[in-house]
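To keep things clear, I will list the structure first and then write my remarks on it.
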Amino acid sequence: MGALMRAHDWSATPLGSIEGWPQSLRTTVGILLRSPVPIVLLWGEQGVMIYNDAYSIFAGGRHPQLLGSRVREGWPEVADFNDNVMRVGLSGGTLSYKDQELTLFRKGVPEQVWMNLDYSPVLDESGRPAGVLAIVVETTERVLAERRIAQEGERLRALFRQAPGFMHVLQGPNHVFELVNDAYLRLVGHDRDLIGRSVRDAFPEMESQGLTLLDRVFQTGEPFVGHSMSVRLRQADDSELGERFVDVVYQPIMDDSGNVTGIFVEGADVTDRVRAEARQRMLIDELNHRVKNTLATVQSLAVQTFKSVNSAEQSMRALAAFDARLVALSRAHNVLTRENWDGAALHAIVDEAILPYCEATRNPFQVAGRPVRLTAKMALTISMALHELCTNAVKYGALSVPHGRVEIAWSVQDEGPLQMLRLEWREFEGPQVVPPVRRGFGSRLIERQLPREFGGWTRLAFEPSGVRYFMAIPLSGRAAGAREEALKPEPR
């Protein structure tokens, strides 16, 4: 730039030839030419431009035509901006801009740029401002990089917020919430204002449900992995959200020195899976129990069918009856499958349950009741209860003797806000009943399963004249415990 300045025809500019320049101008030019920072001097009221090598790079395609030109003409797209710079600078003021956004035509096309700009007046020999010295540092790459980083950060925050598993970041030994995602808010209730609050403050109910694990991870720096952990949370109005099960990871966050500064928590609500697993275990237990009972029932049916066979003809008839009973038993087990698990009529459930125990010439059952539609869950449970009652009756009760009989009757009654299904099983003319020494799974099933799943109550009585079983369950909604007790009369 020094060589270009010496070769430039300054006589055609308001500055005149170099030989006539004042010392203040010469000194300022000498300083800027030796600076590695982009500097341009705007001299005189017209702002004649003199700049160094670093500024020539910034000028791009405008160099070298900018040298000796008036700043308004050299940069017409920002003329108003530079007019203000000259006005302030020549009046003795300074200006400073950080990451100032401008649109320049350095390559013949509009270009968005950002710059740090510092303007200060240059005094002449009389001490008056004669020009403005501008230090121009382009920050376009940094600004764009920061924006890209910010956009990437926002994208990552969006992914964090939208992640299907719950996540949150805790800071410090008090475990203060710094970040939480939407899945976590759904887990704990959207009305929670968590940011800036400690876990103990936001969830006092967690004091006995895992806070010691957070403390241990923060103190030891060792991560914790938990599976199917039970948690119970409360809403702001102190109402309970209910029990949930979660898989969770507590990962310590460490600084450059290896000190724990916080904990990253990630996990998933696996409540549905843990229900499903419990249901699967129950179904497997039920299946095993059904298989055992079925084998016992088949054995008892075989004894009852073949014990009085005295001839080949009787043997053939008994074999056909035995085969029919096995088919009926199979149909009883599959009643809900035939109904496509969309509920079933109570009559159908009862008929299928008792069919294997009916003979062609004699039906030991008397059934009476109005049409009632059951949900699939109710149908399954009642079918199991009837199957247990039939099995026990074949083994020990009225169905174990030729003349024994069973009455099954039900009704539906409106009792307060509930519709109650009341069903009674009663055995007659069987052997004298002796209460069992111990209750097996079958007894526990018919006495406890229905109240546990649907509310209501049951009663199994081993009366000397025959077994009696009562059930009363709400057909719509689960009865509260006090209501169930109030609805429970003594059986007649």
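Each chain in the structure tokens gets a letter, A, B and so on, in the order shown; residues start at 1 in every chain, and ligands are counted from 1 in the order they appear.
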Exercise: Arg216 in chain A partners within 12 Å, only C-alpha atoms, chain neighbours under 3 positions left out, as a ChimeraX atom specification: /A:173-175,210-213,219-224,250-252,260,262-263
Near range 124-129 of chain A, within 8 Å and counting only C-alpha atoms, which residues show up once chain neighbours fewer than 4 positions away are dropped, as a list in words?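 Counting only C-alpha atoms, the residues come to Pro22, Gln23, Ser24, Leu25, Gly89, Leu90, Ser91 and Gly92 of chain A.
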Write the residues of the preceding selection, restricted to C-alpha atoms, as a PDB file, in the first residue's frame.
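Done, and the output landed in again02.pdb:
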```pdb
ATOM      1  CA  PRO A  22       0.569  18.309   6.867  1.00  0.00           C
ATOM      2  CA  GLN A  23       2.703  16.442   9.363  1.00  0.00           C
ATOM      3  CA  SER A  24      -0.343  15.182  11.271  1.00  0.00           C
ATOM      4  CA  LEU A  25      -1.557  13.446   8.108  1.00  0.00           C
ATOM      5  CA  GLY A  89     -15.760  12.237  14.127  1.00  0.00           C
ATOM      6  CA  LEU A  90     -15.130  15.727  12.763  1.00  0.00           C
ATOM      7  CA  SER A  91     -16.979  17.155  15.750  1.00  0.00           C
ATOM      8  CA  GLY A  92     -14.491  15.374  18.047  1.00  0.00           C
TER       9      GLY A  92
END
```
Between A:Phe264, A:Tyr396, A:Phe81, A:Phe203, which one has atoms that come closest to His168 in chain A, using only C-alpha atoms?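 Selected residue with least distance to His168 in chain A: A:Phe264.
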In Å to one decimal, how far is CA of Pro371 in chain A from CA of Glu359 in chain A?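 Separation of CA of Glu359 in chain A and CA of Pro371 in chain A: 25.0 Å.
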Which polymer residues have any atom within 9 Å of an atom of range 271-278 of chain A, counting only C-alpha atoms, with same-chain residues fewer than 3 positions away left out, as a list in words?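 The filter keeps Ser228, Ser230, Glu243, Arg244, Phe245, Val246, Arg281, Met282 and Leu283 of chain A.
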Can you tell me, as an MDAnalysis selection string, what residues are no more than 7 Å from Ala379 in chain A when counting only C-alpha atoms, ignoring any on the same chain fewer than 4 positions away? chainID A and resid 343:344 349 374:375 383
Go ahead and write the selection's residues with C-alpha atoms as an mmCIF file, in the first residue's frame.
```cif
data_model
loop_
_atom_site.group_PDB
_atom_site.id
_atom_site.type_symbol
_atom_site.label_atom_id
_atom_site.label_comp_id
_atom_site.auth_asym_id
_atom_site.auth_seq_id
_atom_site.Cartn_x
_atom_site.Cartn_y
_atom_site.Cartn_z
ATOM 1 C CA GLY A 343 -67.263 -59.208 26.132
ATOM 2 C CA ALA A 344 -69.722 -62.046 26.486
ATOM 3 C CA ILE A 349 -70.296 -68.042 30.222
ATOM 4 C CA LEU A 374 -70.042 -58.701 30.691
ATOM 5 C CA THR A 375 -66.775 -57.105 29.718
ATOM 6 C CA SER A 383 -65.638 -68.122 33.908
#
```
Pick from A:Phe58, A:Trp21, A:Tyr469, A:Phe160, whichever lies nearest to Cys390 in chain A using only C-alpha atoms: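 Ranking A:Phe58, A:Trp21, A:Tyr469, A:Phe160 by distance to Cys390 in chain A, first place goes to A:Tyr469.
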CA of Pro14 in chain A and CA of Arg34 in chain A are how many Å apart?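 These two atoms are separated by 24.2 Å.
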Please report, as a PyMOL selection string, each residue of range 90-185 of chain A to which DSSP assigns strand (DSSP E) when run on this structure's backbone. chain A and resi 95-104+111-123+129-138+166-171+176-180
Residue neighbourhood range 179-190 of chain A, 9 Å, only C-alpha atoms, exclusion window fewer than 3 positions, as a ChimeraX atom specification: /A:157-158,160-170,193-195,233-236,241,244,268-269
Produce a file of the selected residues containing N, CA and C atoms, as a short mmCIF file (atom, residue, chain, number, x, y, z; two decimals), in the first residue's frame.
```
data_model
loop_
_atom_site.label_atom_id
_atom_site.label_comp_id
_atom_site.auth_asym_id
_atom_site.auth_seq_id
_atom_site.Cartn_x
_atom_site.Cartn_y
_atom_site.Cartn_z
N ARG A 157 -31.44 -28.89 21.61
CA ARG A 157 -32.40 -28.66 22.69
C ARG A 157 -33.79 -29.15 22.28
N ALA A 158 -34.14 -28.94 20.98
CA ALA A 158 -35.42 -29.43 20.49
C ALA A 158 -35.47 -30.96 20.55
N PHE A 160 -33.73 -32.76 22.57
CA PHE A 160 -33.78 -33.06 24.00
C PHE A 160 -35.21 -32.96 24.51
N ARG A 161 -35.89 -31.85 24.12
CA ARG A 161 -37.27 -31.65 24.58
C ARG A 161 -38.20 -32.73 24.04
N GLN A 162 -38.00 -33.13 22.77
CA GLN A 162 -38.92 -34.03 22.10
C GLN A 162 -38.55 -35.51 22.24
N ALA A 163 -37.46 -35.80 22.93
CA ALA A 163 -37.03 -37.19 23.08
C ALA A 163 -38.13 -38.03 23.72
N PRO A 164 -38.36 -39.25 23.23
CA PRO A 164 -39.45 -40.06 23.79
C PRO A 164 -39.21 -40.48 25.23
N GLY A 165 -37.95 -40.66 25.61
CA GLY A 165 -37.64 -40.96 27.00
C GLY A 165 -37.51 -39.68 27.81
N PHE A 166 -37.75 -39.76 29.13
CA PHE A 166 -37.63 -38.56 29.94
C PHE A 166 -36.16 -38.27 30.24
N MET A 167 -35.81 -36.97 30.26
CA MET A 167 -34.45 -36.53 30.55
C MET A 167 -34.49 -35.23 31.34
N HIS A 168 -33.52 -35.07 32.24
CA HIS A 168 -33.32 -33.78 32.89
C HIS A 168 -31.90 -33.69 33.40
N VAL A 169 -31.45 -32.44 33.59
CA VAL A 169 -30.10 -32.16 34.05
C VAL A 169 -30.20 -31.49 35.41
N LEU A 170 -29.47 -32.04 36.39
CA LEU A 170 -29.44 -31.51 37.74
C LEU A 170 -28.07 -30.94 38.02
N ASP A 193 -43.36 -26.35 38.01
CA ASP A 193 -42.39 -25.33 37.60
C ASP A 193 -41.06 -25.74 38.21
N LEU A 194 -40.21 -26.38 37.41
CA LEU A 194 -39.06 -27.08 37.96
C LEU A 194 -37.74 -26.32 37.85
N ILE A 195 -37.53 -25.57 36.78
CA ILE A 195 -36.23 -24.95 36.53
C ILE A 195 -35.85 -24.05 37.71
N LEU A 233 -45.66 -40.05 42.75
CA LEU A 233 -45.53 -38.60 42.71
C LEU A 233 -46.86 -37.96 43.03
N ARG A 234 -46.76 -36.69 43.49
CA ARG A 234 -47.96 -35.93 43.82
C ARG A 234 -48.01 -34.66 42.97
N GLN A 235 -49.24 -34.23 42.63
CA GLN A 235 -49.42 -33.00 41.89
C GLN A 235 -49.38 -31.82 42.85
N ALA A 236 -49.44 -30.59 42.27
CA ALA A 236 -49.34 -29.39 43.08
C ALA A 236 -50.45 -29.31 44.12
N LEU A 241 -50.49 -38.86 41.71
CA LEU A 241 -50.53 -39.26 40.30
C LEU A 241 -50.61 -40.77 40.15
N ARG A 244 -45.94 -45.30 39.30
CA ARG A 244 -45.36 -45.49 37.98
C ARG A 244 -44.09 -46.33 38.14
N ALA A 268 -37.01 -44.06 31.02
CA ALA A 268 -38.25 -44.32 30.29
C ALA A 268 -39.31 -44.79 31.26
N ASP A 269 -40.54 -44.36 31.00
CA ASP A 269 -41.70 -44.82 31.77
C ASP A 269 -42.08 -46.21 31.24
#
```
Write out as a list in words the residues lying within 10 Å of Arg142 in chain A, counting only C-alpha atoms and excluding same-chain residues fewer than 3 positions away.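 Listed by chain and then number, they are Asp99, Trp114, Met115, Glu138, Thr139, Ala145, Glu146, Arg147 and Arg148 of chain A.
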Leaving out range 43-51 of chain A and any residue of its chain fewer than 6 positions from it, which residues lie within 6 Å of it when counting only C-alpha atoms, given as an NGL selection string? :A and (67-71 or 130-131)
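Of the residues listed (A:Gly397, A:Pro36, A:Gly226, A:Gly108), A:Gly108 shows the shortest atom-to-atom separation from Gly60 in chain A; distances use only C-alpha atoms.
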